[in-house]
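See below for the structure under consideration.
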Amino acid sequence: MEKLIVHGGAALKGRVNISGSKNSSLPILAATLLTKDTCTIRRVPDLSDTNYMVRILGELGAEVERASGVVVVKAEKIKSVAPYELVRKMRASICVLGPLTGRLKKCTVSLPGGCVIGDRPVDLHLKGLEALGAVITVDGGDISVNAKKGFKGGPMNLMGKHGSTVLGTDNVMMAATLAKGTTIIDGAAAEPEVEDLANFLIKMGAKIEGAGTNRIVIEGVKELHGAEHTVIPDRIEAGTFLCAGAMVGSGLTLKRVMPEHMTAVTDTLKNCGFPIEIGKDSITIAPNPNAKGFDLTTLCYPGFPTDMQAQFCALACVIDDTSTITETIFPQRFMHVAEMKRMGAHIDLQGATARIRGGGVLKGAPVMASDLRASAALVLAGLVASGKTDVNRLYHIDRGYEHLDDKLAGLGAELERVKE
């Protein structure tokens, strides 16, 4: 395994290009299974998660070529079984469930492995497919879906106790594209990544209205065809760099972004007092030594994203004020707090609310990454800490940030990747 050694104190300055969205790329790649024709997906980020999805497509029988951020898939003949050996490394592999069943009318997909940020069940995925007419059994860790008479559209609600399900909405939307009749998904996830998947499906010939809202209407078609698509920018990577610019920047500009997807993050930063300039496809942020604390709650889009919670914990540590963060999506998603305390952070965690007293000096220390966004938060903390911070289990970062260390180094950060 590798670790990242971060030497704190270097100011970040310059421009950074934001990569394509991980959370768009994975279901869009899975959606190529819905057609026998060739599909070309551009701006797919070079990540372990996307590499793994490409491998899954190949193991299912698709012909896949990848070069310079472009993935070409031709799934002429595909298998209906995705065993545990295929899907165990990545929870998002569950998004092959919808397209496999939609096209083949049956499939068996093993339940993916657990997630350290808490229970992330697939019950809403199955509820949606059952509403389309599928017969589902779960046995020995395998999900078997049978829709031998084909899917039939109908109404459903995919809202769960912690909000709408993004991958569940993706799965049901993909399956419904080839169903007979009209499917209405109430309680649908409204995230930009869901809308991006819908736009790709529409290019393939699907009839979808309402994507990007909590009510999506899909009129089934007989078949889908090949298409080309460019993945949207990764709003979570962009938000992470905005936090870096606020914490240790001296003028940092993000290029290739969609600011309209970033409003919850940029509004919070503005309210803290950080100067922000927003262009058509760029955002520039500058530091503010007199920034104010914040009080935020994670919510489904367009609310504040849970995937930015850990990074804002790091930001709160350097603001000379008190901030609070309440996590409503994944209440257990605070593993980074204990590691930040090792660096001298003053964080009081009560249930699903963290109270951060900032303004103190963080000191470099060996820390352990527990998940993707916690890893990024620890790197941010290391950038402002005095001395050296060793961020272990770097593979978490490589799941969702394309060449993060190289991008930070290009902005002036002092850090190095080494073998543990």
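A note on labels: chains of the structure tokens are A, B, ... as shown, every chain counts residues from 1, and ligands are counted from 1 in their shown order.
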
task: Write out as an MDAnalysis selection string each polymer residue whose atoms come within 12 Å of Ser25 in chain A, counting only C-alpha atoms; drop sequence neighbours fewer than 4 positions from it.
output: chainID A and resid 19:21 29:32 40:47 49:54 69:71 92:93 95 170 192:194 196:197 200 229:234 400

message: Set the distance at 6 Å and use only C-alpha atoms: which residues neighbour Ser323 in chain A once local chain neighbours fewer than 3 positions away are removed? I'd like the list as number ranges by chain.
response: A: 293-295, 355-356

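Considering only C-alpha atoms, the residue among A:Cys317, A:Leu252, A:Leu269, A:Val16 positioned nearest to Ile285 in chain A is A:Leu252.
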
As a PDB file with N, CA and C atoms, in the first residue's frame, please: every residue in range 108-173 of chain A that DSSP puts in strand (DSSP E).
ATOM      1  N   THR A 108     -28.476 -12.054 -12.029  1.00  0.00           N
ATOM      2  CA  THR A 108     -28.080 -12.344 -10.659  1.00  0.00           C
ATOM      3  C   THR A 108     -26.846 -11.507 -10.361  1.00  0.00           C
ATOM      4  N   VAL A 109     -26.964 -10.648  -9.354  1.00  0.00           N
ATOM      5  CA  VAL A 109     -25.863  -9.768  -8.969  1.00  0.00           C
ATOM      6  C   VAL A 109     -25.608  -9.959  -7.483  1.00  0.00           C
ATOM      7  N   SER A 110     -24.376 -10.245  -7.148  1.00  0.00           N
ATOM      8  CA  SER A 110     -24.040 -10.418  -5.743  1.00  0.00           C
ATOM      9  C   SER A 110     -24.091  -9.083  -5.023  1.00  0.00           C
ATOM     10  N   VAL A 135     -39.659 -10.190 -10.102  1.00  0.00           N
ATOM     11  CA  VAL A 135     -39.689 -11.096  -8.957  1.00  0.00           C
ATOM     12  C   VAL A 135     -38.258 -11.195  -8.435  1.00  0.00           C
ATOM     13  N   ILE A 136     -38.070 -10.879  -7.162  1.00  0.00           N
ATOM     14  CA  ILE A 136     -36.716 -10.767  -6.616  1.00  0.00           C
ATOM     15  C   ILE A 136     -36.550 -11.710  -5.434  1.00  0.00           C
ATOM     16  N   THR A 137     -35.433 -12.421  -5.439  1.00  0.00           N
ATOM     17  CA  THR A 137     -35.051 -13.233  -4.289  1.00  0.00           C
ATOM     18  C   THR A 137     -33.623 -12.869  -3.898  1.00  0.00           C
ATOM     19  N   VAL A 138     -33.364 -12.899  -2.599  1.00  0.00           N
ATOM     20  CA  VAL A 138     -32.021 -12.656  -2.085  1.00  0.00           C
ATOM     21  C   VAL A 138     -31.624 -13.885  -1.292  1.00  0.00           C
ATOM     22  N   ASP A 139     -30.577 -14.573  -1.758  1.00  0.00           N
ATOM     23  CA  ASP A 139     -30.178 -15.826  -1.127  1.00  0.00           C
ATOM     24  C   ASP A 139     -28.669 -15.974  -1.198  1.00  0.00           C
ATOM     25  N   ASP A 142     -26.695 -13.213  -2.844  1.00  0.00           N
ATOM     26  CA  ASP A 142     -26.950 -12.928  -4.261  1.00  0.00           C
ATOM     27  C   ASP A 142     -28.362 -12.393  -4.456  1.00  0.00           C
ATOM     28  N   ILE A 143     -28.488 -11.365  -5.304  1.00  0.00           N
ATOM     29  CA  ILE A 143     -29.793 -10.826  -5.681  1.00  0.00           C
ATOM     30  C   ILE A 143     -30.167 -11.409  -7.044  1.00  0.00           C
ATOM     31  N   SER A 144     -31.270 -12.122  -7.098  1.00  0.00           N
ATOM     32  CA  SER A 144     -31.760 -12.662  -8.370  1.00  0.00           C
ATOM     33  C   SER A 144     -33.014 -11.898  -8.770  1.00  0.00           C
ATOM     34  N   VAL A 145     -32.981 -11.326  -9.952  1.00  0.00           N
ATOM     35  CA  VAL A 145     -34.099 -10.532 -10.461  1.00  0.00           C
ATOM     36  C   VAL A 145     -34.633 -11.206 -11.716  1.00  0.00           C
ATOM     37  N   ASN A 146     -35.937 -11.451 -11.731  1.00  0.00           N
ATOM     38  CA  ASN A 146     -36.547 -12.111 -12.879  1.00  0.00           C
ATOM     39  C   ASN A 146     -37.747 -11.301 -13.344  1.00  0.00           C
ATOM     40  N   PRO A 155     -46.279   3.574 -11.113  1.00  0.00           N
ATOM     41  CA  PRO A 155     -45.840   4.570 -10.135  1.00  0.00           C
ATOM     42  C   PRO A 155     -45.048   3.936  -9.002  1.00  0.00           C
ATOM     43  N   MET A 156     -44.155   4.721  -8.400  1.00  0.00           N
ATOM     44  CA  MET A 156     -43.393   4.260  -7.237  1.00  0.00           C
ATOM     45  C   MET A 156     -42.831   5.465  -6.508  1.00  0.00           C
ATOM     46  N   ASN A 157     -42.392   5.237  -5.268  1.00  0.00           N
ATOM     47  CA  ASN A 157     -41.735   6.289  -4.488  1.00  0.00           C
ATOM     48  C   ASN A 157     -40.454   5.710  -3.913  1.00  0.00           C
ATOM     49  N   MET A 159     -38.232   7.406  -1.933  1.00  0.00           N
ATOM     50  CA  MET A 159     -37.717   8.175  -0.803  1.00  0.00           C
ATOM     51  C   MET A 159     -37.479   7.252   0.395  1.00  0.00           C
ATOM     52  N   GLY A 160     -36.285   7.335   0.974  1.00  0.00           N
ATOM     53  CA  GLY A 160     -35.952   6.526   2.136  1.00  0.00           C
ATOM     54  C   GLY A 160     -35.886   7.364   3.391  1.00  0.00           C
ATOM     55  N   GLY A 163     -33.480  10.187   3.013  1.00  0.00           N
ATOM     56  CA  GLY A 163     -33.584  10.928   1.764  1.00  0.00           C
ATOM     57  C   GLY A 163     -33.704  10.006   0.573  1.00  0.00           C
ATOM     58  N   SER A 164     -33.584  10.563  -0.610  1.00  0.00           N
ATOM     59  CA  SER A 164     -33.709   9.784  -1.834  1.00  0.00           C
ATOM     60  C   SER A 164     -32.415   9.029  -2.111  1.00  0.00           C
TER      61      SER A 164
END

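Closest to Cys243 in chain A among A:Leu383, A:Leu372, A:Glu339, A:Arg357 is A:Leu383, based on only C-alpha atoms.
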
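Relative to CA of His225 in chain A, CA of Val81 in chain A is found at 22.7 Å.
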
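Compared by their closest atoms to Gln311 in chain A, and using only C-alpha atoms, the residues A:Glu237, A:Glu209, A:Glu130, A:Glu277 rank with A:Glu237 nearest.
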
task: Write out as a ChimeraX atom specification the residues lying within 8 Å of Ile216 in chain A, counting only C-alpha atoms and excluding same-chain residues fewer than 2 positions away.
output: /A:184-186,188,208-211,213-214,218

Next, the residues of the selection above should be written as a PDB file, in the first residue's frame with C-alpha atoms.
ATOM      1  CA  ILE A 184     -43.258   7.572 -12.613  1.00  0.00           C
ATOM      2  CA  ILE A 185     -40.586   7.824  -9.922  1.00  0.00           C
ATOM      3  CA  ASP A 186     -41.580  10.071  -7.042  1.00  0.00           C
ATOM      4  CA  ALA A 188     -36.300  10.455  -7.045  1.00  0.00           C
ATOM      5  CA  ILE A 208     -37.219  10.666 -19.912  1.00  0.00           C
ATOM      6  CA  GLU A 209     -38.638  13.843 -18.408  1.00  0.00           C
ATOM      7  CA  GLY A 210     -38.019  15.467 -15.038  1.00  0.00           C
ATOM      8  CA  ALA A 211     -34.471  14.288 -14.363  1.00  0.00           C
ATOM      9  CA  THR A 213     -36.164  16.944  -9.960  1.00  0.00           C
ATOM     10  CA  ASN A 214     -37.805  14.630  -7.428  1.00  0.00           C
ATOM     11  CA  ILE A 218     -39.953   7.485 -18.188  1.00  0.00           C
TER      12      ILE A 218
END

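Computed from the coordinates, the CA of Glu402 in chain A to CA of Ala238 in chain A distance equals 11.6 Å.
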
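Between CA of Gly359 in chain A and CA of Val391 in chain A the interatomic distance comes to 22.2 Å.
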
So which residues touch Ala246 in chain A within 9 Å, counting only C-alpha atoms, skipping near sequence neighbours fewer than 3 positions away, as a short mmCIF file (atom, residue, chain, number, x, y, z; two decimals) with N, CA and C atoms, in the first residue's frame?
data_model
loop_
_atom_site.label_atom_id
_atom_site.label_comp_id
_atom_site.auth_asym_id
_atom_site.auth_seq_id
_atom_site.Cartn_x
_atom_site.Cartn_y
_atom_site.Cartn_z
N PHE A 241 -11.22 21.26 -3.69
CA PHE A 241 -10.21 22.26 -4.04
C PHE A 241 -10.61 23.65 -3.56
N LEU A 242 -11.91 23.94 -3.51
CA LEU A 242 -12.33 25.22 -2.95
C LEU A 242 -11.96 25.30 -1.47
N CYS A 243 -12.13 24.20 -0.74
CA CYS A 243 -11.72 24.17 0.66
C CYS A 243 -10.21 24.37 0.78
N GLY A 249 -4.78 28.81 0.39
CA GLY A 249 -4.60 29.41 -0.93
C GLY A 249 -4.11 30.83 -0.86
N SER A 250 -3.62 31.30 -2.00
CA SER A 250 -3.32 32.72 -2.14
C SER A 250 -3.88 33.18 -3.48
N GLY A 251 -5.05 32.61 -3.82
CA GLY A 251 -5.70 32.88 -5.09
C GLY A 251 -5.71 31.62 -5.93
N LEU A 252 -6.80 30.85 -5.85
CA LEU A 252 -6.89 29.56 -6.53
C LEU A 252 -8.10 29.56 -7.46
N LEU A 269 -19.34 29.09 1.67
CA LEU A 269 -18.03 29.76 1.73
C LEU A 269 -18.18 31.28 1.69
N PHE A 274 -15.30 34.21 2.64
CA PHE A 274 -14.25 33.95 1.67
C PHE A 274 -14.62 34.60 0.33
N PRO A 275 -13.72 35.41 -0.24
CA PRO A 275 -14.00 36.04 -1.54
C PRO A 275 -14.08 34.99 -2.65
N ILE A 285 -11.26 31.40 -5.65
CA ILE A 285 -11.42 31.64 -4.22
C ILE A 285 -10.13 32.18 -3.63
N ALA A 286 -10.27 33.07 -2.65
CA ALA A 286 -9.11 33.62 -1.94
C ALA A 286 -9.32 33.41 -0.44
N PRO A 287 -8.26 33.38 0.34
CA PRO A 287 -8.40 33.18 1.79
C PRO A 287 -8.93 34.43 2.48
N ASN A 288 -9.33 34.27 3.74
CA ASN A 288 -9.78 35.39 4.57
C ASN A 288 -9.44 35.06 6.02
N LEU A 315 -11.85 22.48 7.12
CA LEU A 315 -11.88 23.94 6.97
C LEU A 315 -12.22 24.62 8.29
#
